[in-house]
Structures are given as C-alpha cells and as structure tokens.
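**Q** Here's a structure for you.
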Amino acid sequence: MSHPSLHLTARDFDAYAAEKATSKAYSRPRLEVKQRALAWARGVVARLAELGISVDVHGSDEHPSIRNKHRADCQWVFFWRDQAARDELDRLLDRGRSISEAIDDPSPFTRHAFLALRISESEVQVCFAVHPDAKVDVDNLRARVSASEEATGEPASPLAAELTSALHALPEQFSLGAGGGERVDCSAATPDAITEMLRRAADGQVPLWIGWAIPRETAVEHADILDEQLEDALVALAPIYRLVAWSRENDRIALDRKLEGIEQERARAHAELEAENERWRSEQARARERSMEQARARGDERVEAALPARRPTLATLFKSTGNAGAGRGEQRPSPKHGGEGGAPPSPKHGGEGGAPVRRTQHADAEQQPRAEAPQRPSAEHAPRAQRAPAGEPDAAARVTPEPAKGGVLEKGSRVRVRRGPFGDKIGVVSELDGRGGARVLLGLLSTRLEIDDLELVIEGRERPALSTSHRKPLAPTPRKAR
C-alpha cells in the first residue's frame with residue numbers, strides 16, 4: 001500500500017529561511033509542507049502501532065505565533081503519547097508549574113518525551129527528544145541510567161545495559177547530544193555519557209536529542225528514497241522511546257502510587273466541593289422559601305386592609321345614616337318660638353312694635369334651614385322639627401318638597417320611578433334639594449329626578465314581580481323645563 005509522499009524540494013527548505021521566519025507572507029508554502037508532512041506521518045503511526053506504541057500526531061504552527069515565539073523557522077511533526085496518557089501526566093506536571101512559566105512557554109510539547117520529524121532551512125531531522133520540563137520522563141530516564149548493583153541486587157545494571165544496547169543498535173549515522181551542542185555517536189554511548197548529556201540539557205534548558213540529521217543538499221538529491229528512509233529511522237528510534245518515556249509498564253520512579261494518591265486527593269476535593277455546593281443550594285432554597293412566605297403574608301395583610309369590614313346592601317346602605325340623623329335630631333331639636341324651653345326672644349329694634357319682631361323672627365327662620373339642611377331629621381322626628389307658632393312663616397315648611405303621590409316624601413323613603421329611562425324602578429331617596437328635585441339611589445346608580453316623577457312605595461304593598469332583570473327600552477320623554 002502506497003503512502004502520501006513527502007518529497008522535499010529546495011523551495012520547501014527556502015520557506016524556513018531566517019529572513020522569512022517572522023513574516024506571515026510565507027505561511028502558504030510552509031502550510032503546504034506541513035500538510036504533506038502530516039499525511040506522510042500516518043504511515044509512521046501505523047508502523048508504531050504494530051510495535052505496540054500508541055501515539056498521536058501533531059504539527060507545529062506554520063505561521064508566527066506565541067507557541068513558536070513568533071518565529072516559524074522550522075516545521076515540527078510530533079509523535080507523542082495519546083491524549084489519555086497526556087491528561088494523566090499533566091495533572092501531575094501542572095502542579096509545580098507557575099503561571100509565568102506557562103506564559104513564557106505555552107507549547108505542551110516540552111512536557112512530554114516524543115519522536116519527531118523536523119524540517120528547517122539547512123536540514124531535515126528525525127529524532128527522539130526529551131526536554132527538562134518533561135520531569136516525569138527525565139526522572140524515569142535518570143532512574144534507569146543510575147540503577148546500580150545495590151539498587152537492583154544483581155551483578156550488572158540491566159536497566160542501563162538495556163538502554164545502552166538500544167543506542168548501540170541504531171545506525172551509525174545516529175548521534176546523541178544536548179540541543180545544538182556537541183554530539184556523540186550513539187554507537188559509543190555509555191551510561192556516563194547519557195548522564196552528562198542530561199546534566200547539559202538541564203543546565204541549558206534544552207532537550208536531550210537522539211537522532212539523525214540529513215543536510216539539505218543530500219535530502220534534495222535523494223528525495224525519491226528519502227521518505228522511506230525517514231520512516232524507517234523513526235521506527236528504529238521506537239525502542240529508545242519505549243525505554244525512556246514513562247508508562248505504567250515502564251515505571252521506574254513509582255509514579256503509579258503518586259498518581260493514585262493524586263486521584264484520591266482529587267476525588268476527596270471533589271466530594272468536599274460537592275458537599276459544600278449542596279449545603280449552599282439547601283440554604284438558598286430555605287432562604288427562597290422564607291422570602292416567599294413573608295411575601296405571601298405581606299400580600300394577605302394588604303388585601304385584608306383593602307377589603308371593607310362589611311359589604312353594604314340596599315337594605316342597610318342608609319340605615320346608619322338615618323339613625324345618625326335621628327340621633328342628631330334628638331340632640332339638637334328645632335328651636336321653638338314663643339313656647340316653653342324656646343330660645344330667648346330676639347332683641348327689639350326701634351321700640352316695642354310688632355313689625356320689627358316679625359322681621360327678626362323671619363330672619364331667624366331663614367337661617368335655620370341653611371344651618372340644618374345637611375342634617376334633616378328622620379320621619380318620626382319630622383313633626384317636632386316643623387312646629388312653629390301660628391301666624392308665622394316656617395322655613396322648614398317652605399323647603400319641604402311637595403308630597404309625592406301616595407304619601408310624604410323624605411330622605412330614606414323608598415320610591416318608584418313613574419316615567420323616564422328608569423321607569424318602574426325602585427330606589428331610595430338620598431337627598432332632597434328643596435327645588436322640587438330629589439337624588440335617588442337605584443342600585444349602583446345615583447340620579448336626580450323630579451319629585452313629580454316619583455311615587456312613594458308603601459311598605460305593606462308587595463313589589464310587583466319583574467319578568468326580566470333587563471329593562472325594555474322606552475321611547476325618551478321630553479325633560480321638564482326647570
């Protein structure tokens with residue numbers, strides 16, 4: 001089965017020239033190289049999977065960005081542990097990492113050991129690299145290299161010997177170094193040389209590098225076979241990756257127990273947080289319930305305050321008013337002129353003649369209706385209020401309306417409307433205006449009617465039954481001129 005071709009050319013290498021590294025104008029040719037490299041990497045992933053190594057593939061940014069410190073001077077294609085394994089280690093690695101360190105180097109590739117393809121202006125590389133920030137993998141490598149006879153209980157160090165043998169098995173073009181410094185052929189590598197390279201990498205904060213670098217001219221000249229050669233070189237580095245990169249099968253630092261402790265701590269913190277959230281939610285629910293109860297209580301108080309103590313009816317609407325008028329009539333009887341208990345006679349003006357006396361009494365009679373108009377006595381007290389000496393005009397007699405048909409009409413009397421829009425309706429007189437009119441309450445309505453249009457309802461007479469509660473429209477009658 002054929003795989004996509006990488007087929008590097010001189011134009012591909014020129015896209016990563018130093019003068020173009022900070023410009024986005026050259027992102028297009030760099031993107032083309034990246035796309036071909038990622039397509040070619042799928043064949044490498046398949047061959048590593050056959051060896052039991054599960055990796056994910058990622059490419060570096062082809063344009064200047066914060067992850068490459070705004071310099072796209074090379075193209076990386078990373079082969080590193082899968083997402084689940086990275087997440088498991090990142091929880092441990094992020095614990096000791098400050099915010100300033102994350103801002104200074106936001107790229108996640110420095111925290112894990114990886115296999116990689118790197119294309120720059122002058123060369124193309126395949127390598128295994130581990131940065132000092134990949135503390136778990138570096139510690140695992142140190143534990144393997146520094147394993148001694150006392151630690152293992154065996155005459156030789158099988159862990160260090162296993163790594164040294166894997167380095168010696170690499171092709172002779174492969175070398176070992178720290179960053180871009182001095183490199184040593186892998187065929188001559190020893191545990192002491194590996195330890196020294198680890199120290200240089202930690203001092204310079206550069207990755208420990210094991211790989212093969214092909215110059216640009218050689219890569220362009222042998223472009224037809226280079227794709228297969230690079231793929232074979234990465235597969236050859238797979239044993240080094242397996243021995244150095246931490247996994248549960250390659251745990252030389254007892255990290256498994258640390259991870260279990262971290263998981264237990266996270267679970268405990270999560271349980272405490274959930275319990276706190278549950279307490280907070282229950283407190284909020286109780287507070288809402290108390291608030292709703294208080295709001296309901298305030299609403300009930302407002303409703304009770306707004307409602308009247310007793311709903312009035314037509315039968316009791318003027319009962320209190322009539323009683324009050326009767327009480328006022330008993331407390332303040334009409335003044336009697338010329339009898340016992342009456343007011344003292346008015347002073348005489350201009351001698352003892354009768355004419356001045358009659359004028360004074362006439363003036364008193366005119367003032368009395370105006371003073372007592374709002375407080376007219378009820379029916380039983382009317383005769384007492386209308387008594388007056390013979391031969392003298394009485395003001396109360398003058399303002400008392402003419403008796404309606406069927407009896408005397410007064411405040412509180414039940415009357416029937418004889419004609420007009422309210423014909424045959426029963427109402428209650430609420431006010432007499434003294435000008436031949438009366439204000440009558442007809443249920444919820446109050447209107448002024450002429451006394452001639454009213455008929456007093458005798459209490460003993462039964463009210464005729466109405467066939468319907470809706471009045472049939474009548475032809476309007478002309479209103480009597482006042």
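Chain labels run A, B, ... following the order of the structure tokens; each chain numbers its residues from 1, and ligands are numbered from 1 in the order shown.
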Report as a Markdown table the residues of stretch 36-128 of chain A within 10 Å of stretch 223-233 of chain A, each with its shortest atom pair and distance in Å (one decimal), using only C-alpha atoms, ordered by chain and increasing residue number.
**A**
```
| residue | atom | partner | partner_atom | distance |
| --- | --- | --- | --- | --- |
| A:Ala37 | CA | A:Asp227 | CA | 9.8 |
| A:Trp40 | CA | A:Asp227 | CA | 8.0 |
| A:Ala41 | CA | A:Glu231 | CA | 8.2 |
| A:Gly43 | CA | A:Glu231 | CA | 7.8 |
| A:Val44 | CA | A:Glu231 | CA | 6.0 |
| A:Val45 | CA | A:Glu231 | CA | 9.7 |
| A:Arg47 | CA | A:Glu231 | CA | 8.9 |
| A:Leu117 | CA | A:Leu230 | CA | 8.2 |
| A:Val124 | CA | A:Leu230 | CA | 9.2 |
| A:Gln125 | CA | A:Leu230 | CA | 8.3 |
| A:Val126 | CA | A:Leu230 | CA | 6.6 |
| A:Cys127 | CA | A:Ala233 | CA | 8.3 |
```
**Q** Show me, as a list of chain:residue names, the residues that have an atom within 12 Å of A:Asp192 when counting only C-alpha atoms, minus same-chain residues fewer than 6 positions from it.
**A**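 Counting only C-alpha atoms, the residues come to A:Arg142, A:Arg144, A:Val145, A:Ser146, A:Ala147, A:Ala160, A:Ala161, A:Thr164, A:Leu198, A:Arg199.
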**Q** List the spatial neighbours of A:Ala49 as a list of chain:residue names - criterion: any atom at most 12 Å away, only C-alpha atoms, same-chain residues fewer than 6 positions off excluded.
**A**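 The contact residues come out as A:Arg42, A:Gly43, A:Val55, A:Asp56, A:Phe79, A:Arg81, A:Asp82, A:Val235, A:Ala238.
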**Q** Dump N, CA, C and O atoms for the selected residues as a tab-separated table (two decimals), in the first residue's frame?
**A**
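Printed below is result15.tsv as written:
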```tsv
chain	number	residue	atom	x	y	z
A	42	ARG	N	1.07	9.53	8.78
A	42	ARG	CA	0.10	8.47	9.04
A	42	ARG	C	0.70	7.09	8.83
A	42	ARG	O	0.35	6.13	9.54
A	43	GLY	N	1.61	6.98	7.90
A	43	GLY	CA	2.29	5.69	7.71
A	43	GLY	C	3.17	5.34	8.90
A	43	GLY	O	3.28	4.17	9.29
A	55	VAL	N	0.51	6.42	19.63
A	55	VAL	CA	0.91	7.83	19.64
A	55	VAL	C	-0.13	8.66	18.89
A	55	VAL	O	-0.88	8.16	18.06
A	56	ASP	N	-0.14	9.96	19.21
A	56	ASP	CA	-0.90	10.96	18.46
A	56	ASP	C	0.07	11.80	17.65
A	56	ASP	O	1.25	11.93	18.01
A	79	PHE	N	5.31	12.98	17.36
A	79	PHE	CA	4.68	11.69	17.66
A	79	PHE	C	4.83	11.49	19.16
A	79	PHE	O	5.92	11.17	19.65
A	81	ARG	N	2.69	10.57	23.24
A	81	ARG	CA	1.69	9.70	23.87
A	81	ARG	C	0.29	10.23	23.62
A	81	ARG	O	0.08	11.42	23.41
A	82	ASP	N	-0.67	9.33	23.67
A	82	ASP	CA	-2.04	9.68	23.32
A	82	ASP	C	-2.66	10.61	24.36
A	82	ASP	O	-2.08	10.88	25.41
A	235	VAL	N	11.02	4.50	13.06
A	235	VAL	CA	10.69	3.19	13.62
A	235	VAL	C	11.90	2.64	14.38
A	235	VAL	O	11.74	1.97	15.41
A	238	ALA	N	12.00	3.81	17.93
A	238	ALA	CA	10.88	3.40	18.78
A	238	ALA	C	11.33	2.70	20.05
A	238	ALA	O	10.77	2.96	21.13
```
**Q** Find the residues around stretch 166-182 of chain A up to 12 Å (only C-alpha atoms counted), leave out those fewer than 2 positions away in its own chain, and share them as an MDAnalysis selection string.
**A** chainID A and resid 125:132 159:164 184:191 193:214 229 232:244
**Q** Within stretch 55-208 of chain A, find each residue whose DSSP state, derived from the backbone, is alpha helix (DSSP H), and express the selection as a PyMOL selection string.
**A** chain A and resi 83-93+99-104+135-145+149-152+158-168+191-204
**Q** Pick the closest to A:Pro421 from A:Leu449, A:Ala315, A:Leu456, A:Ala84: which is it, counting only C-alpha atoms?
**A**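 Smallest distance to A:Pro421 is found for A:Leu449.
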